[in-house]
$ cat final.csv   # CSV, C-alpha atoms
chain,number,residue,atom,x,y,z
A,1,MET,CA,102.0,58.0,62.3
A,2,ILE,CA,99.9,61.2,62.1
A,3,PRO,CA,96.2,60.5,62.3
A,4,SER,CA,93.6,62.2,60.0
A,5,PHE,CA,93.3,65.9,60.7
A,6,PRO,CA,90.6,67.1,63.0
A,7,GLU,CA,87.8,69.4,62.0
A,8,ILE,CA,89.0,73.0,61.8
A,9,LEU,CA,86.5,75.4,63.3
A,10,PHE,CA,88.5,78.6,63.0
A,11,GLU,CA,92.0,79.7,62.0
A,12,ASP,CA,93.9,82.8,61.4
A,13,ASN,CA,97.6,83.9,61.9
A,14,HIS,CA,97.1,83.9,65.7
A,15,LEU,CA,94.7,81.1,66.7
A,16,ILE,CA,93.4,77.8,65.5
A,17,ALA,CA,90.3,76.1,67.0
A,18,VAL,CA,89.5,72.4,66.3
A,19,ASN,CA,86.6,70.0,67.1
A,20,LYS,CA,88.3,67.4,69.2
A,21,ARG,CA,87.1,63.8,68.8
A,22,PRO,CA,86.4,61.7,71.8
A,23,GLY,CA,89.5,59.6,72.5
A,24,ASP,CA,92.0,62.2,71.2
A,25,ILE,CA,94.5,63.5,73.8
A,26,VAL,CA,95.3,67.2,73.6
A,27,GLN,CA,98.9,67.0,74.7
A,28,GLY,CA,101.3,64.0,74.8
A,29,ASP,CA,101.2,61.8,77.8
A,30,LYS,CA,102.7,58.5,79.1
A,31,THR,CA,100.6,56.5,76.6
A,32,GLY,CA,102.7,57.7,73.7
A,33,ASP,CA,99.7,58.2,71.6
A,34,THR,CA,99.9,61.0,69.0
A,35,PRO,CA,98.3,64.1,70.6
A,36,LEU,CA,96.0,66.5,69.0
A,37,SER,CA,98.6,69.2,69.2
A,38,GLU,CA,100.9,67.2,66.9
A,39,SER,CA,98.1,66.6,64.4
A,40,VAL,CA,97.4,70.3,64.3
A,41,LYS,CA,101.1,71.1,63.8
A,42,GLU,CA,101.2,68.7,60.9
A,43,TYR,CA,98.1,70.3,59.4
A,44,ILE,CA,99.6,73.7,59.6
A,45,LYS,CA,102.9,72.5,58.2
A,46,GLN,CA,101.3,70.9,55.2
A,47,LYS,CA,98.7,73.6,54.5
A,48,TYR,CA,101.2,76.5,54.6
A,49,GLN,CA,104.3,74.4,53.4
A,50,LYS,CA,106.3,75.4,56.4
A,51,PRO,CA,109.8,74.0,56.1
A,52,GLY,CA,110.9,74.2,59.8
A,53,ALA,CA,109.3,73.6,63.2
A,54,VAL,CA,105.8,74.8,63.7
A,55,PHE,CA,105.0,76.8,66.8
A,56,LEU,CA,101.7,75.8,68.5
A,57,GLY,CA,100.8,76.7,72.0
A,58,VAL,CA,98.3,74.6,74.0
A,59,ILE,CA,95.9,77.2,75.6
A,60,HIS,CA,93.7,74.7,77.4
A,61,ARG,CA,92.8,71.0,77.6
A,62,ILE,CA,89.7,68.9,77.8
A,63,ASP,CA,89.6,65.3,79.0
A,64,ARG,CA,90.4,62.4,76.6
A,65,PRO,CA,86.9,60.9,76.5
A,66,VAL,CA,85.3,64.4,75.9
A,67,SER,CA,84.7,66.0,72.5
A,68,GLY,CA,84.4,69.6,71.4
A,69,VAL,CA,86.2,72.9,71.0
A,70,VAL,CA,89.9,73.1,71.8
A,71,LEU,CA,91.9,76.3,71.2
A,72,PHE,CA,95.5,76.5,70.2
A,73,ALA,CA,97.8,79.6,69.8
A,74,ARG,CA,99.9,80.0,66.7
A,75,THR,CA,102.1,82.7,68.2
A,76,SER,CA,103.7,83.2,71.6
A,77,LYS,CA,101.9,86.6,71.9
A,78,SER,CA,98.5,85.1,71.4
A,79,LEU,CA,99.3,82.2,73.8
A,80,GLU,CA,100.4,84.7,76.5
A,81,ARG,CA,97.2,86.8,76.1
A,82,MET,CA,94.9,83.8,75.9
A,83,ASN,CA,96.4,82.3,79.0
A,84,ARG,CA,95.8,85.6,80.8
A,85,MET,CA,92.2,85.7,79.7
A,86,PHE,CA,91.7,82.1,81.0
A,87,ARG,CA,93.2,83.1,84.3
A,88,ASP,CA,91.0,86.2,84.5
A,89,LYS,CA,87.9,84.2,83.6
A,90,GLU,CA,87.4,86.3,80.4
A,91,ILE,CA,86.5,83.3,78.3
A,92,ASN,CA,83.0,81.9,78.4
A,93,LYS,CA,82.8,78.1,77.9
A,94,MET,CA,79.7,76.2,77.3
A,95,TYR,CA,79.3,72.4,77.4
A,96,TRP,CA,76.5,69.9,76.7
A,97,ALA,CA,76.1,66.8,78.8
A,98,VAL,CA,73.8,63.9,78.5
A,99,VAL,CA,72.5,62.3,81.7
A,100,LYS,CA,70.0,59.6,82.4
A,101,GLN,CA,68.5,60.9,85.7
A,102,PRO,CA,66.8,64.3,85.8
A,103,PRO,CA,68.5,66.9,87.9
A,104,PRO,CA,66.8,68.1,91.1
A,105,GLN,CA,65.9,71.4,89.4
A,106,GLU,CA,65.6,72.4,85.7
A,107,GLN,CA,68.1,75.1,86.3
A,108,ASP,CA,70.6,75.7,89.1
A,109,SER,CA,73.9,77.1,90.2
A,110,LEU,CA,76.2,74.5,91.9
A,111,ILE,CA,79.0,75.1,94.4
A,112,ARG,CA,81.2,72.2,95.5
A,113,HIS,CA,84.6,71.9,97.1
A,114,LEU,CA,86.7,69.5,95.1
A,115,VAL,CA,89.7,67.4,96.2
A,116,LYS,CA,91.8,65.8,93.6
A,117,ASN,CA,93.3,62.3,94.2
A,118,GLU,CA,96.4,62.2,91.9
A,119,ARG,CA,96.8,58.4,92.3
A,120,LEU,CA,93.3,57.7,91.1
A,121,ASN,CA,93.1,60.6,88.7
A,122,LYS,CA,89.8,61.5,90.2
A,123,SER,CA,88.2,64.3,92.1
A,124,PHE,CA,85.8,64.1,95.0
A,125,ALA,CA,83.1,66.6,95.8
A,126,HIS,CA,82.3,68.0,99.2
A,127,MET,CA,79.5,70.4,100.2
A,128,GLU,CA,81.8,72.3,102.6
A,129,PRO,CA,85.5,73.1,102.4
A,130,VAL,CA,87.8,70.4,103.6
A,131,LYS,CA,91.6,70.1,103.7
A,132,GLY,CA,93.1,70.6,100.2
A,133,SER,CA,89.8,71.4,98.6
A,134,LEU,CA,89.2,74.0,95.9
A,135,GLU,CA,85.9,75.8,95.4
A,136,SER,CA,84.2,74.8,92.1
A,137,ARG,CA,81.2,76.5,90.5
A,138,LEU,CA,79.0,75.9,87.5
A,139,ASP,CA,75.6,76.8,86.2
A,140,TYR,CA,73.4,74.3,84.4
A,141,ARG,CA,69.9,74.0,82.9
A,142,VAL,CA,68.0,71.3,81.1
A,143,ILE,CA,67.7,72.1,77.4
A,144,GLY,CA,66.5,68.8,75.9
A,145,LYS,CA,64.7,65.6,76.8
A,146,SER,CA,64.3,62.2,75.1
A,147,ASP,CA,62.7,58.9,76.1
A,148,HIS,CA,65.7,57.9,78.1
A,149,TYR,CA,68.0,60.9,78.6
A,150,PHE,CA,68.2,64.6,79.5
A,151,LEU,CA,70.5,67.1,77.8
A,152,LEU,CA,72.1,69.7,80.0
A,153,GLN,CA,73.8,73.0,79.1
A,154,ILE,CA,76.6,73.7,81.5
A,155,ASN,CA,78.5,77.0,81.9
A,156,PRO,CA,81.5,76.3,84.2
A,157,ILE,CA,82.6,79.3,86.3
A,158,THR,CA,85.8,77.8,87.6
A,159,GLY,CA,88.2,75.4,85.9
A,160,ARG,CA,88.9,72.5,88.3
A,161,HIS,CA,89.9,68.9,87.5
A,162,HIS,CA,86.9,66.9,86.2
A,163,GLN,CA,84.6,69.5,87.7
A,164,ILE,CA,81.6,69.0,85.4
A,165,ARG,CA,81.8,65.2,85.7
A,166,VAL,CA,82.1,65.1,89.5
A,167,MET,CA,79.6,67.9,90.2
A,168,LEU,CA,76.9,66.4,88.1
A,169,SER,CA,77.5,63.1,89.7
A,170,SER,CA,77.1,64.8,93.1
A,171,ILE,CA,73.5,65.7,92.3
A,172,GLY,CA,72.7,62.1,91.1
A,173,CYS,CA,73.3,62.9,87.4
A,174,PRO,CA,76.5,61.1,86.2
A,175,ILE,CA,77.2,61.7,82.5
A,176,LYS,CA,76.3,58.9,80.1
A,177,GLY,CA,79.3,56.5,79.8
A,178,ASP,CA,81.3,58.0,82.7
A,179,LEU,CA,82.1,54.9,84.8
A,180,LYS,CA,84.6,56.8,86.9
A,181,TYR,CA,81.8,59.1,88.2
A,182,GLY,CA,79.0,56.6,88.7
A,183,PHE,CA,77.3,55.9,85.3
A,184,ALA,CA,76.3,52.2,85.2
A,185,ARG,CA,77.7,51.4,81.7
A,186,SER,CA,80.6,52.6,79.6
A,187,ASN,CA,80.1,53.7,76.0
A,188,PRO,CA,81.4,51.2,73.4
A,189,ASP,CA,84.1,53.7,72.1
A,190,GLY,CA,85.3,54.7,75.6
A,191,SER,CA,83.8,58.2,75.2
A,192,ILE,CA,81.5,60.0,77.6
A,193,HIS,CA,78.6,62.2,76.6
A,194,LEU,CA,80.2,65.5,77.5
A,195,HIS,CA,80.9,67.9,74.7
A,196,ALA,CA,82.6,71.3,74.7
A,197,ARG,CA,80.0,73.0,72.7
A,198,GLY,CA,81.4,76.5,72.4
A,199,VAL,CA,83.6,79.3,73.6
A,200,THR,CA,83.1,83.1,73.5
A,201,PHE,CA,86.0,85.4,74.0
A,202,THR,CA,87.7,88.6,72.7
A,203,HIS,CA,90.3,87.9,70.0
A,204,PRO,CA,93.7,88.5,71.6
A,205,VAL,CA,95.0,90.6,68.7
A,206,SER,CA,92.1,92.0,66.7
A,207,GLY,CA,89.8,92.6,69.6
A,208,GLU,CA,86.9,91.0,67.7
A,209,LEU,CA,84.3,89.2,69.8
A,210,MET,CA,84.6,85.5,68.8
A,211,HIS,CA,81.9,82.8,69.0
A,212,ILE,CA,83.3,79.4,68.2
A,213,GLN,CA,81.0,76.4,68.2
A,214,ALA,CA,81.5,72.7,67.6
A,215,LYS,CA,79.0,70.1,66.5
A,216,SER,CA,78.6,67.1,68.7
A,217,PRO,CA,79.8,63.7,67.4
A,218,GLU,CA,77.6,63.0,64.3
A,219,ASN,CA,78.1,59.2,64.3
A,220,ASP,CA,76.5,58.9,67.8
A,221,PRO,CA,72.8,58.3,67.7
A,222,VAL,CA,72.1,60.0,71.1
A,223,TRP,CA,74.1,63.1,70.2
A,224,LYS,CA,72.5,63.1,66.8
A,225,ALA,CA,69.0,63.0,68.2
A,226,PHE,CA,69.6,65.9,70.6
A,227,SER,CA,71.6,68.1,68.1
A,228,GLN,CA,68.7,67.9,65.6
A,229,ASN,CA,66.2,69.3,68.2
A,230,THR,CA,68.4,71.8,70.1
A,231,PRO,CA,69.0,75.5,69.3
A,232,ASP,CA,72.5,76.3,68.0
A,233,LYS,CA,73.0,79.4,70.0
A,234,LEU,CA,75.6,79.9,72.7
A,235,THR,CA,73.0,80.9,75.3
A,236,PRO,CA,74.3,82.3,78.6
A,237,LEU,CA,72.5,81.2,81.7
A,238,ALA,CA,70.6,84.0,83.4
$ encode --input "final.csv" --output "structure tokens"
Amino acid sequence: MIPSFPEILFEDNHLIAVNKRPGDIVQGDKTGDTPLSESVKEYIKQKYQKPGAVFLGVIHRIDRPVSGVVLFARTSKSLERMNRMFRDKEINKMYWAVVKQPPPQEQDSLIRHLVKNERLNKSFAHMEPVKGSLESRLDYRVIGKSDHYFLLQINPITGRHHQIRVMLSSIGCPIKGDLKYGFARSNPDGSIHLHARGVTFTHPVSGELMHIQAKSPENDPVWKAFSQNTPDKLTPLA
């Protein structure tokens, strides 16, 4: 059964961007759950009354418990060009993360060397290179505070497995709800408080500068409190 359609953030003949809900999977996996890609295909099929198969290319993925912007390609040309831009780091991504402990500094650039354990589906962070490690980099800053939590803006520079989750954990700031990386309690719905807030890139066909932004989950009181008191701009870190 096809679930309810996700929130559409942008669409044209070449791209479609959606606001992924926590718990959705972007592509099919061994669980057999209906992936977001199939929901978007069905949305396109119904909206445009397409009789045959719908082409939809998965440009990138975010983890199942994470919410936020996911981009798909509607043509093979746009898929190829967007894949190249991701490889060449021409797409700027920005995340929000809620943590309980304050980071050591209000703003910082982190470099860690990550090793992925396939069996555990988990990455481990090292300060120095080790066998099999990949360098991982991100910038963060504190952009909000409440009585119990801190809101961080994160700009990932690399695209490693679970990099934001493991790197924040390495500085004593596991993300709210993220048991895998050291938070004390899970969230009731299995989500974690990590949200792909926005992406900035050059449109692969028109050449237009694109800014696509996604609201954080509105039914979550922690997200709701922060979103009401945080600027909506995709602010790059200096």
$ atom_distance --input "final.csv" --atom1 "atom CA of A:Ala17" --atom2 "atom CA of A:Gly177"
25.9 Å
$ residues_near_point --input "final.csv" --point "(108.3, 74.1, 68.6)" --cutoff "12 Å" --atoms "all atoms listed in the file" --output "PyMOL selection string"
chain A and resi 37-38+41-42+45+52-58+73-76
$ axis_aligned_box --input "final.csv" --around "stretch 103-122 of chain A" --padding-each-side "3 Å" --output "JSON"
{"center_x": 81.2, "center_y": 67.4, "center_z": 91.4, "size_x": 37.2, "size_y": 25.4, "size_z": 17.4}
$ closest_residue --input "final.csv" --among "A:Gln105, A:Thr200, A:Ser136, A:Gln153" --to "A:Leu71" --atoms "all atoms listed in the file"
A:Thr200
$ closest_residue --input "final.csv" --among "A:Pro102, A:Gly190, A:Gly32, A:Gly23" --to "A:Gly144" --atoms "only C-alpha atoms"
A:Pro102
$ residues_around --input "final.csv" --residues "A:Ser191" --least-positions-apart "5" --cutoff "8 Å" --atoms "all atoms listed in the file" --output "MDAnalysis selection string"
chainID A and resid 22:23 64:66 177:178 186
$ write_last_selection --input "final.csv" --atoms "C-alpha atoms" --output "tab-separated table (two decimals), in the frame of the given file"
chain	number	residue	atom	x	y	z
A	22	PRO	CA	86.40	61.70	71.80
A	23	GLY	CA	89.50	59.60	72.50
A	64	ARG	CA	90.40	62.40	76.60
A	65	PRO	CA	86.90	60.90	76.50
A	66	VAL	CA	85.30	64.40	75.90
A	177	GLY	CA	79.30	56.50	79.80
A	178	ASP	CA	81.30	58.00	82.70
A	186	SER	CA	80.60	52.60	79.60
$ residues_near_point --input "final.csv" --point "(80.8, 61.2, 84.7)" --cutoff "12 Å" --atoms "all atoms listed in the file" --output "PDB file with C-alpha atoms, keeping the file's coordinate frame"
ATOM      1  CA  ASP A  63      89.600  65.300  79.000  1.00  0.00           C
ATOM      2  CA  PRO A  65      86.900  60.900  76.500  1.00  0.00           C
ATOM      3  CA  VAL A  66      85.300  64.400  75.900  1.00  0.00           C
ATOM      4  CA  ALA A  97      76.100  66.800  78.800  1.00  0.00           C
ATOM      5  CA  VAL A  98      73.800  63.900  78.500  1.00  0.00           C
ATOM      6  CA  VAL A  99      72.500  62.300  81.700  1.00  0.00           C
ATOM      7  CA  LYS A 100      70.000  59.600  82.400  1.00  0.00           C
ATOM      8  CA  LYS A 122      89.800  61.500  90.200  1.00  0.00           C
ATOM      9  CA  SER A 123      88.200  64.300  92.100  1.00  0.00           C
ATOM     10  CA  PHE A 124      85.800  64.100  95.000  1.00  0.00           C
ATOM     11  CA  HIS A 162      86.900  66.900  86.200  1.00  0.00           C
ATOM     12  CA  GLN A 163      84.600  69.500  87.700  1.00  0.00           C
ATOM     13  CA  ILE A 164      81.600  69.000  85.400  1.00  0.00           C
ATOM     14  CA  ARG A 165      81.800  65.200  85.700  1.00  0.00           C
ATOM     15  CA  VAL A 166      82.100  65.100  89.500  1.00  0.00           C
ATOM     16  CA  MET A 167      79.600  67.900  90.200  1.00  0.00           C
ATOM     17  CA  LEU A 168      76.900  66.400  88.100  1.00  0.00           C
ATOM     18  CA  SER A 169      77.500  63.100  89.700  1.00  0.00           C
ATOM     19  CA  SER A 170      77.100  64.800  93.100  1.00  0.00           C
ATOM     20  CA  ILE A 171      73.500  65.700  92.300  1.00  0.00           C
ATOM     21  CA  GLY A 172      72.700  62.100  91.100  1.00  0.00           C
ATOM     22  CA  CYS A 173      73.300  62.900  87.400  1.00  0.00           C
ATOM     23  CA  PRO A 174      76.500  61.100  86.200  1.00  0.00           C
ATOM     24  CA  ILE A 175      77.200  61.700  82.500  1.00  0.00           C
ATOM     25  CA  LYS A 176      76.300  58.900  80.100  1.00  0.00           C
ATOM     26  CA  GLY A 177      79.300  56.500  79.800  1.00  0.00           C
ATOM     27  CA  ASP A 178      81.300  58.000  82.700  1.00  0.00           C
ATOM     28  CA  LEU A 179      82.100  54.900  84.800  1.00  0.00           C
ATOM     29  CA  LYS A 180      84.600  56.800  86.900  1.00  0.00           C
ATOM     30  CA  TYR A 181      81.800  59.100  88.200  1.00  0.00           C
ATOM     31  CA  GLY A 182      79.000  56.600  88.700  1.00  0.00           C
ATOM     32  CA  PHE A 183      77.300  55.900  85.300  1.00  0.00           C
ATOM     33  CA  ALA A 184      76.300  52.200  85.200  1.00  0.00           C
ATOM     34  CA  ARG A 185      77.700  51.400  81.700  1.00  0.00           C
ATOM     35  CA  SER A 186      80.600  52.600  79.600  1.00  0.00           C
ATOM     36  CA  ASN A 187      80.100  53.700  76.000  1.00  0.00           C
ATOM     37  CA  SER A 191      83.800  58.200  75.200  1.00  0.00           C
ATOM     38  CA  ILE A 192      81.500  60.000  77.600  1.00  0.00           C
ATOM     39  CA  HIS A 193      78.600  62.200  76.600  1.00  0.00           C
ATOM     40  CA  LEU A 194      80.200  65.500  77.500  1.00  0.00           C
TER      41      LEU A 194
END
$ residues_around --input "final.csv" --residues "A:Gly159" --least-positions-apart "4" --cutoff "12 Å" --atoms "only C-alpha atoms" --output "list in words"
His60, Arg61, Ile62, Phe86, Arg87, Asp88, Lys89, Ile91, Asn92, Lys93, Leu114, Leu134, Glu135, Ser136, Arg137, Leu138, Asn155, Gln163 and Ile164 of chain A
$ closest_residue --input "final.csv" --among "A:Gly68, A:Pro6, A:Pro188, A:Pro104" --to "A:Ser39" --atoms "all atoms listed in the file"
A:Pro6
